[in-house]
Amino acid sequence: MHVNAAAQKATAIGLIAVLCWSCTIGLMRAVAEPLGAVGGAAWLYTMAAICIAAARGRTGWREVARWRDMHPVYLWLCGALFVIYEICLSVAVGLADDRSQAMEIGVINYLWPSLTIAFAVLWGQQAARWWLWPGLLICLWGLARVLGGDSFSLSTLWLHIQGNPAAYGMAFAAALLWPTYSLLARRYGAGFNAVGLFVTGTAIALWLQWFRLDTTPMQWSGPTALQLFMAGALTALGYSCWEHGIQHGKLAVLAAASYFTPVLSALMASLLLQVLPGWSFWQGVALITLGSLICWWATRSSAAERSEHGTE
């Protein structure tokens, strides 16, 4: 009972991340416009690192000091995946040609919930029924609706992506990187929470890139500073909660809740960026959510079947 209660608490903490991430795409874009794609991302993760350090205090420093006790896969490979993912996502949002495209990039990123289940099945961490794969196809259909618009065709879709290949390429990379990170962190994390260390590494990598580039001056204002603080705080809270949830909570429940992130994120980004996408965009978001829920249902049905046969 005690173990079950601890798992439920960890799951509830992990669910907070879904709410935090719903606001991050819109805030990322709002910060990137005056501060630049790389500069805005560097400031965002610097603020996130400060927030994590302030929230965790001595506990966080003691955990960082124990880095030698962490599994090398968690410390180095998961750390590298985390840093690359964050750079890909934040810079992709900043490189979007306009706010509508930033929202599209956010939707691409949120393919990761269904991909997390697919990767877990392929890696033997999760059993699933056959309709997992139709669920993934529905997600891809939804993505095609988001990117292709009302006059959808493969050639139109390809031309759309070719219009900004760097931004879309990094968005697709992010959608693949986060499931990989989550499953490896769950397997090798061993109770450690090195998110503060990973976020700090992300900030350092982005600042090194910013100093290397010939960047335009940042344009600061009161609203920009407020948006930066909000983005950093929500990023810090979201990743800290998710790390705790995936290591100690119920992965299937967290994945199921995260399937609604595309809808919540699109709604929040639409409000924050004052953009009203077309009908095909919302159709695509709904299809991605539906497909993700079918993927989750496939894992739940498989788990229930194993339980009935006494194999769980």
# chains A, B, ... in the order shown; residues from 1 in each chain; ligands from 1
call {"tool": "closest_atom_pairs", "arguments": {"of": "segment 130-237 of chain A", "to": "segment 93-105 of chain A", "cutoff": "8 Å", "atoms": "only C-alpha atoms", "output": "tab-separated table"}}
result
residue	atom	partner	partner_atom	distance
A:Val146	CA	A:Glu104	CA	6.7
A:Leu147	CA	A:Glu104	CA	6.8
A:Asn164	CA	A:Ala96	CA	7.4
A:Ala166	CA	A:Leu95	CA	7.9
A:Ala167	CA	A:Leu95	CA	5.8
A:Tyr168	CA	A:Ile105	CA	6.5
A:Ala171	CA	A:Ile105	CA	5.8
call {"tool": "write_last_selection", "arguments": {"atoms": "N, CA, C and O atoms", "output": "PDB file, in the first residue's frame"}}
result
ATOM      1  N   VAL A 146      -2.087  19.331 -40.027  1.00  0.00           N
ATOM      2  CA  VAL A 146      -1.552  20.572 -39.452  1.00  0.00           C
ATOM      3  C   VAL A 146      -0.646  21.276 -40.445  1.00  0.00           C
ATOM      4  O   VAL A 146      -0.732  22.491 -40.655  1.00  0.00           O
ATOM      5  N   LEU A 147       0.233  20.518 -41.078  1.00  0.00           N
ATOM      6  CA  LEU A 147       1.236  21.116 -41.954  1.00  0.00           C
ATOM      7  C   LEU A 147       0.735  21.336 -43.374  1.00  0.00           C
ATOM      8  O   LEU A 147       1.185  22.260 -44.057  1.00  0.00           O
ATOM      9  N   ASN A 164      11.194  26.119 -44.554  1.00  0.00           N
ATOM     10  CA  ASN A 164      12.023  26.399 -43.368  1.00  0.00           C
ATOM     11  C   ASN A 164      12.563  25.066 -42.847  1.00  0.00           C
ATOM     12  O   ASN A 164      12.171  24.603 -41.774  1.00  0.00           O
ATOM     13  N   ALA A 166      15.354  24.067 -41.519  1.00  0.00           N
ATOM     14  CA  ALA A 166      16.080  24.039 -40.244  1.00  0.00           C
ATOM     15  C   ALA A 166      15.115  23.943 -39.070  1.00  0.00           C
ATOM     16  O   ALA A 166      15.278  23.112 -38.168  1.00  0.00           O
ATOM     17  N   ALA A 167      14.074  24.785 -39.081  1.00  0.00           N
ATOM     18  CA  ALA A 167      13.114  24.790 -37.976  1.00  0.00           C
ATOM     19  C   ALA A 167      12.346  23.478 -37.912  1.00  0.00           C
ATOM     20  O   ALA A 167      12.214  22.868 -36.839  1.00  0.00           O
ATOM     21  N   TYR A 168      11.846  23.011 -39.054  1.00  0.00           N
ATOM     22  CA  TYR A 168      11.069  21.776 -39.055  1.00  0.00           C
ATOM     23  C   TYR A 168      11.934  20.566 -38.751  1.00  0.00           C
ATOM     24  O   TYR A 168      11.504  19.627 -38.067  1.00  0.00           O
ATOM     25  N   ALA A 171      12.463  20.406 -35.109  1.00  0.00           N
ATOM     26  CA  ALA A 171      11.220  20.022 -34.430  1.00  0.00           C
ATOM     27  C   ALA A 171      11.006  18.509 -34.497  1.00  0.00           C
ATOM     28  O   ALA A 171      10.638  17.874 -33.500  1.00  0.00           O
TER      29      ALA A 171
END
call {"tool": "residues_around", "arguments": {"residues": "Val91 of chain A", "least_positions_apart": "3", "cutoff": "7 Å", "atoms": "only C-alpha atoms", "output": "ChimeraX atom specification"}}
result
/A:37-38,41,87-88,94-95
call {"tool": "closest_residue", "arguments": {"among": "A:Cys78, A:Leu136, A:Leu183, A:Leu234", "to": "Phe119 of chain A", "atoms": "only C-alpha atoms"}}
result
A:Leu183
call {"tool": "residues_around", "arguments": {"residues": "Cys295 of chain A", "least_positions_apart": "3", "cutoff": "12 Å", "atoms": "only C-alpha atoms", "output": "ChimeraX atom specification"}}
result
/A:111-121,126-139,252,255-256,259,288-292,298-302
call {"tool": "write_last_selection", "arguments": {"atoms": "C-alpha atoms", "output": "compact mmCIF listing (two decimals), in the first residue's frame"}}
result
# COMPACT_ATOMS: atom_id res chain seq x y z
CA LEU A 111 4.24 13.72 -31.30
CA TRP A 112 6.47 12.52 -28.45
CA PRO A 113 3.69 11.06 -26.23
CA SER A 114 2.66 8.49 -28.85
CA LEU A 115 6.30 7.90 -29.80
CA THR A 116 7.14 7.26 -26.14
CA ILE A 117 4.70 4.34 -26.09
CA ALA A 118 5.93 3.06 -29.46
CA PHE A 119 9.56 3.17 -28.32
CA ALA A 120 8.66 1.51 -25.01
CA VAL A 121 7.03 -1.36 -26.93
CA GLN A 126 5.80 -2.02 -22.46
CA ALA A 127 3.39 -4.54 -23.99
CA ALA A 128 0.69 -3.37 -26.38
CA ARG A 129 -2.08 -4.64 -28.67
CA TRP A 130 -2.00 -4.41 -32.45
CA TRP A 131 -3.99 -1.18 -32.65
CA LEU A 132 -1.01 0.75 -31.31
CA TRP A 133 0.21 1.06 -34.90
CA PRO A 134 -3.06 2.41 -36.38
CA GLY A 135 -2.98 4.92 -33.51
CA LEU A 136 0.45 6.09 -34.66
CA LEU A 137 -0.79 6.38 -38.24
CA ILE A 138 -3.67 8.59 -37.05
CA CYS A 139 -1.11 10.81 -35.29
CA ALA A 252 1.02 4.80 -18.71
CA ALA A 255 1.68 9.26 -21.10
CA ALA A 256 -2.13 9.29 -21.32
CA TYR A 259 -1.62 13.09 -24.97
CA ILE A 288 -2.94 13.62 -32.98
CA THR A 289 -4.68 13.53 -29.59
CA LEU A 290 -7.06 10.79 -30.75
CA GLY A 291 -4.24 8.70 -32.16
CA SER A 292 -2.23 9.10 -28.97
CA ALA A 298 -3.53 -0.43 -26.70
CA THR A 299 -1.13 -0.57 -23.75
CA ARG A 300 -3.94 -0.54 -21.18
CA SER A 301 -5.80 -3.39 -22.92
CA SER A 302 -2.62 -5.44 -23.03
call {"tool": "residues_around", "arguments": {"residues": "Trp282 of chain A", "least_positions_apart": "3", "cutoff": "9 Å", "atoms": "only C-alpha atoms", "output": "list in words"}}
result
Arg145, Val146, Val263, Ala266, Pro277, Gly278, Trp279, Val285, Ala286 and Leu287 of chain A
call {"tool": "atom_distance", "arguments": {"atom1": "atom CA of Ala92 of chain A", "atom2": "atom CA of Pro165 of chain A"}}
result
9.8 Å
call {"tool": "atom_distance", "arguments": {"atom1": "atom CA of Met218 of chain A", "atom2": "atom CA of Ala231 of chain A"}}
result
17.1 Å
call {"tool": "atom_distance", "arguments": {"atom1": "atom CA of Ile108 of chain A", "atom2": "atom CA of Ala185 of chain A"}}
result
22.2 Å
call {"tool": "closest_residue", "arguments": {"among": "A:Leu159, A:Ser221, A:Phe281, A:Ala49", "to": "Leu267 of chain A", "atoms": "only C-alpha atoms"}}
result
A:Phe281
call {"tool": "residues_around", "arguments": {"residues": "Leu251 of chain A", "least_positions_apart": "5", "cutoff": "8 Å", "atoms": "only C-alpha atoms", "output": "PDB file with N, CA and C atoms, in the first residue's frame"}}
result
ATOM      1  N   THR A  11       3.012  10.160  -9.582  1.00  0.00           N
ATOM      2  CA  THR A  11       2.239  10.355 -10.805  1.00  0.00           C
ATOM      3  C   THR A  11       1.547  11.716 -10.803  1.00  0.00           C
ATOM      4  N   GLY A 245       8.134  12.118 -11.911  1.00  0.00           N
ATOM      5  CA  GLY A 245       7.010  11.286 -12.301  1.00  0.00           C
ATOM      6  C   GLY A 245       7.419  10.060 -13.100  1.00  0.00           C
ATOM      7  N   ILE A 246       8.297  10.233 -14.094  1.00  0.00           N
ATOM      8  CA  ILE A 246       8.651   9.097 -14.947  1.00  0.00           C
ATOM      9  C   ILE A 246       9.498   8.069 -14.207  1.00  0.00           C
TER      10      ILE A 246
END
call {"tool": "closest_residue", "arguments": {"among": "A:Pro223, A:Pro72, A:Gly249, A:Gly232", "to": "Thr200 of chain A", "atoms": "only C-alpha atoms"}}
result
A:Gly232
call {"tool": "residues_around", "arguments": {"residues": "Gly79 of chain A", "least_positions_apart": "4", "cutoff": "12 Å", "atoms": "only C-alpha atoms", "output": "ChimeraX atom specification"}}
result
/A:67,70-75,83-86,177-178,180-182,184-185,188-189,193-202
call {"tool": "write_last_selection", "arguments": {"atoms": "N, CA, C and O atoms", "output": "short mmCIF file (atom, residue, chain, number, x, y, z; two decimals), in the first residue's frame"}}
result
data_model
loop_
_atom_site.label_atom_id
_atom_site.label_comp_id
_atom_site.auth_asym_id
_atom_site.auth_seq_id
_atom_site.Cartn_x
_atom_site.Cartn_y
_atom_site.Cartn_z
N TRP A 67 27.17 13.18 -8.32
CA TRP A 67 27.11 12.83 -9.73
C TRP A 67 27.90 11.56 -10.04
O TRP A 67 27.56 10.82 -10.96
N MET A 70 25.74 8.44 -10.03
CA MET A 70 24.75 8.25 -11.08
C MET A 70 25.25 7.27 -12.13
O MET A 70 26.45 7.19 -12.39
N HIS A 71 24.32 6.53 -12.70
CA HIS A 71 24.68 5.61 -13.79
C HIS A 71 25.23 6.42 -14.96
O HIS A 71 24.65 7.46 -15.32
N PRO A 72 26.33 5.99 -15.56
CA PRO A 72 26.91 6.76 -16.67
C PRO A 72 25.92 7.01 -17.81
O PRO A 72 25.97 8.07 -18.45
N VAL A 73 25.04 6.04 -18.07
CA VAL A 73 24.04 6.24 -19.13
C VAL A 73 23.12 7.41 -18.79
O VAL A 73 22.80 8.25 -19.64
N TYR A 74 22.71 7.48 -17.51
CA TYR A 74 21.82 8.57 -17.10
C TYR A 74 22.55 9.90 -17.13
O TYR A 74 22.04 10.89 -17.67
N LEU A 75 23.76 9.93 -16.56
CA LEU A 75 24.48 11.21 -16.44
C LEU A 75 24.90 11.75 -17.80
O LEU A 75 24.65 12.93 -18.10
N VAL A 83 19.99 18.01 -23.36
CA VAL A 83 20.52 19.28 -23.86
C VAL A 83 20.20 19.45 -25.34
O VAL A 83 19.74 20.52 -25.78
N ILE A 84 20.40 18.40 -26.13
CA ILE A 84 20.15 18.51 -27.58
C ILE A 84 18.67 18.73 -27.84
O ILE A 84 18.28 19.53 -28.71
N TYR A 85 17.82 18.02 -27.08
CA TYR A 85 16.37 18.20 -27.25
C TYR A 85 15.96 19.64 -26.98
O TYR A 85 15.22 20.25 -27.77
N GLU A 86 16.42 20.19 -25.87
CA GLU A 86 16.03 21.54 -25.50
C GLU A 86 16.50 22.57 -26.53
O GLU A 86 15.78 23.51 -26.87
N LEU A 177 13.80 12.74 -29.84
CA LEU A 177 14.76 12.77 -28.74
C LEU A 177 14.10 12.63 -27.38
O LEU A 177 14.62 11.93 -26.49
N TRP A 178 12.95 13.29 -27.18
CA TRP A 178 12.36 13.28 -25.84
C TRP A 178 11.87 11.90 -25.40
O TRP A 178 12.09 11.51 -24.25
N THR A 180 13.15 9.08 -26.27
CA THR A 180 14.38 8.33 -25.99
C THR A 180 14.93 8.72 -24.62
O THR A 180 15.29 7.85 -23.82
N TYR A 181 14.96 10.01 -24.36
CA TYR A 181 15.43 10.48 -23.05
C TYR A 181 14.56 9.94 -21.92
O TYR A 181 15.07 9.43 -20.91
N SER A 182 13.25 10.03 -22.07
CA SER A 182 12.33 9.64 -20.99
C SER A 182 12.49 8.16 -20.63
O SER A 182 12.54 7.80 -19.44
N LEU A 184 15.11 6.13 -21.25
CA LEU A 184 16.42 5.85 -20.68
C LEU A 184 16.54 6.39 -19.25
O LEU A 184 17.14 5.75 -18.38
N ALA A 185 15.94 7.55 -19.00
CA ALA A 185 15.97 8.12 -17.65
C ALA A 185 15.19 7.24 -16.68
O ALA A 185 15.58 7.07 -15.52
N TYR A 188 17.55 4.07 -16.14
CA TYR A 188 18.88 4.23 -15.53
C TYR A 188 18.96 5.34 -14.49
O TYR A 188 20.01 5.55 -13.89
N GLY A 189 17.85 6.06 -14.28
CA GLY A 189 17.90 7.19 -13.34
C GLY A 189 18.14 6.78 -11.90
O GLY A 189 18.77 7.53 -11.14
N ASN A 193 17.63 12.88 -9.67
CA ASN A 193 16.97 13.92 -10.46
C ASN A 193 18.01 14.97 -10.81
O ASN A 193 18.28 15.89 -10.04
N ALA A 194 18.61 14.79 -11.98
CA ALA A 194 19.70 15.67 -12.41
C ALA A 194 19.21 16.74 -13.39
O ALA A 194 20.02 17.29 -14.14
N VAL A 195 17.91 17.03 -13.37
CA VAL A 195 17.36 18.01 -14.31
C VAL A 195 18.04 19.37 -14.16
O VAL A 195 18.32 20.05 -15.14
N GLY A 196 18.31 19.78 -12.92
CA GLY A 196 18.99 21.06 -12.70
C GLY A 196 20.33 21.09 -13.40
O GLY A 196 20.71 22.10 -14.03
N LEU A 197 21.08 19.99 -13.33
CA LEU A 197 22.37 19.88 -14.00
C LEU A 197 22.20 19.91 -15.51
O LEU A 197 22.94 20.60 -16.22
N PHE A 198 21.18 19.20 -16.00
CA PHE A 198 20.94 19.15 -17.45
C PHE A 198 20.51 20.52 -17.99
O PHE A 198 20.94 20.93 -19.07
N VAL A 199 19.63 21.21 -17.26
CA VAL A 199 19.17 22.53 -17.69
C VAL A 199 20.34 23.52 -17.71
O VAL A 199 20.46 24.34 -18.63
N THR A 200 21.20 23.44 -16.68
CA THR A 200 22.38 24.31 -16.64
C THR A 200 23.29 24.04 -17.84
O THR A 200 23.81 24.97 -18.47
N GLY A 201 23.47 22.75 -18.18
CA GLY A 201 24.27 22.40 -19.35
C GLY A 201 23.66 22.95 -20.63
O GLY A 201 24.39 23.40 -21.53
N THR A 202 22.33 22.94 -20.71
CA THR A 202 21.64 23.50 -21.88
C THR A 202 21.92 24.99 -22.00
O THR A 202 22.21 25.50 -23.09
#
call {"tool": "select_by_dssp", "arguments": {"residues": "segment 17-101 of chain A", "states": "alpha helix (DSSP H)", "output": "PyMOL selection string"}}
result
chain A and resi 17-35+37-65+72+79-95+99-101
call {"tool": "closest_residue", "arguments": {"among": "A:Ala203, A:Cys20, A:Val31, A:Met47", "to": "Gly222 of chain A", "atoms": "only C-alpha atoms"}}
result
A:Val31
call {"tool": "closest_residue", "arguments": {"among": "A:Ala48, A:Ala257, A:Ala7, A:Leu293", "to": "Leu19 of chain A", "atoms": "only C-alpha atoms"}}
result
A:Ala257
call {"tool": "closest_residue", "arguments": {"among": "A:Ser90, A:Ser258, A:Thr216, A:Gln227", "to": "Ala42 of chain A", "atoms": "only C-alpha atoms"}}
result
A:Ser90
call {"tool": "decode", "arguments": {"residues": "segment 31-44 of chain A", "atoms": "all heavy atoms", "output": "CSV table (one decimal), in the first residue's frame"}}
result
chain,number,residue,atom,x,y,z
A,31,VAL,N,9.4,35.2,-26.2
A,31,VAL,CA,10.7,35.6,-25.8
A,31,VAL,C,11.7,35.6,-26.9
A,31,VAL,O,12.6,36.5,-27.0
A,31,VAL,CB,11.2,34.6,-24.7
A,31,VAL,CG1,12.7,34.8,-24.4
A,31,VAL,CG2,10.4,34.7,-23.4
A,32,ALA,N,11.6,34.7,-27.9
A,32,ALA,CA,12.5,34.7,-29.0
A,32,ALA,C,12.4,35.9,-29.9
A,32,ALA,O,13.4,36.3,-30.5
A,32,ALA,CB,12.3,33.4,-29.8
A,33,GLU,N,11.2,36.4,-30.1
A,33,GLU,CA,11.0,37.6,-31.0
A,33,GLU,C,11.9,38.8,-30.6
A,33,GLU,O,12.5,39.3,-31.5
A,33,GLU,CB,9.5,37.9,-31.1
A,33,GLU,CG,8.7,36.9,-31.8
A,33,GLU,CD,7.2,37.2,-31.9
A,33,GLU,OE1,6.8,38.1,-31.1
A,33,GLU,OE2,6.5,36.5,-32.6
A,34,PRO,N,11.9,39.2,-29.4
A,34,PRO,CA,12.8,40.4,-29.0
A,34,PRO,C,14.2,40.0,-28.7
A,34,PRO,O,15.1,40.9,-28.9
A,34,PRO,CB,12.1,41.0,-27.8
A,34,PRO,CG,11.4,39.8,-27.1
A,34,PRO,CD,11.0,38.9,-28.2
A,35,LEU,N,14.5,38.8,-28.3
A,35,LEU,CA,15.8,38.4,-27.8
A,35,LEU,C,16.6,37.5,-28.8
A,35,LEU,O,17.8,37.3,-28.6
A,35,LEU,CB,15.7,37.7,-26.5
A,35,LEU,CG,15.0,38.4,-25.3
A,35,LEU,CD1,15.1,37.6,-24.1
A,35,LEU,CD2,15.7,39.8,-25.1
A,36,GLY,N,15.9,37.1,-29.9
A,36,GLY,CA,16.6,36.2,-30.9
A,36,GLY,C,16.3,34.7,-30.6
A,36,GLY,O,16.1,34.4,-29.4
A,37,ALA,N,16.5,33.9,-31.6
A,37,ALA,CA,16.2,32.5,-31.4
A,37,ALA,C,17.2,31.8,-30.4
A,37,ALA,O,16.8,31.1,-29.5
A,37,ALA,CB,16.4,31.8,-32.8
A,38,VAL,N,18.5,32.1,-30.6
A,38,VAL,CA,19.5,31.5,-29.7
A,38,VAL,C,19.6,32.3,-28.4
A,38,VAL,O,19.6,31.7,-27.3
A,38,VAL,CB,20.9,31.4,-30.4
A,38,VAL,CG1,21.9,30.9,-29.4
A,38,VAL,CG2,20.8,30.6,-31.7
A,39,GLY,N,19.6,33.6,-28.5
A,39,GLY,CA,19.7,34.4,-27.3
A,39,GLY,C,18.5,34.3,-26.4
A,39,GLY,O,18.6,34.2,-25.1
A,40,GLY,N,17.3,34.2,-26.9
A,40,GLY,CA,16.1,34.0,-26.1
A,40,GLY,C,16.1,32.6,-25.4
A,40,GLY,O,15.8,32.5,-24.3
A,41,ALA,N,16.6,31.6,-26.2
A,41,ALA,CA,16.6,30.3,-25.6
A,41,ALA,C,17.7,30.2,-24.5
A,41,ALA,O,17.5,29.6,-23.4
A,41,ALA,CB,17.0,29.3,-26.7
A,42,ALA,N,18.8,30.9,-24.7
A,42,ALA,CA,19.9,30.9,-23.7
A,42,ALA,C,19.4,31.6,-22.4
A,42,ALA,O,19.6,31.1,-21.3
A,42,ALA,CB,21.1,31.7,-24.2
A,43,TRP,N,18.7,32.7,-22.5
A,43,TRP,CA,18.1,33.4,-21.4
A,43,TRP,C,17.1,32.5,-20.7
A,43,TRP,O,17.0,32.5,-19.5
A,43,TRP,CB,17.5,34.7,-21.7
A,43,TRP,CG,18.5,35.9,-21.6
A,43,TRP,CD1,19.0,36.6,-22.7
A,43,TRP,CD2,19.2,36.3,-20.5
A,43,TRP,NE1,19.9,37.5,-22.2
A,43,TRP,CE2,20.0,37.4,-20.8
A,43,TRP,CE3,19.1,36.0,-19.1
A,43,TRP,CZ2,20.8,38.1,-19.9
A,43,TRP,CZ3,19.9,36.7,-18.2
A,43,TRP,CH2,20.7,37.7,-18.6
A,44,LEU,N,16.2,31.8,-21.5
A,44,LEU,CA,15.2,31.0,-20.9
A,44,LEU,C,15.7,29.9,-20.0
A,44,LEU,O,15.3,29.7,-18.9
A,44,LEU,CB,14.3,30.4,-22.1
A,44,LEU,CG,13.0,29.7,-21.7
A,44,LEU,CD1,12.1,29.8,-22.9
A,44,LEU,CD2,13.2,28.3,-21.3
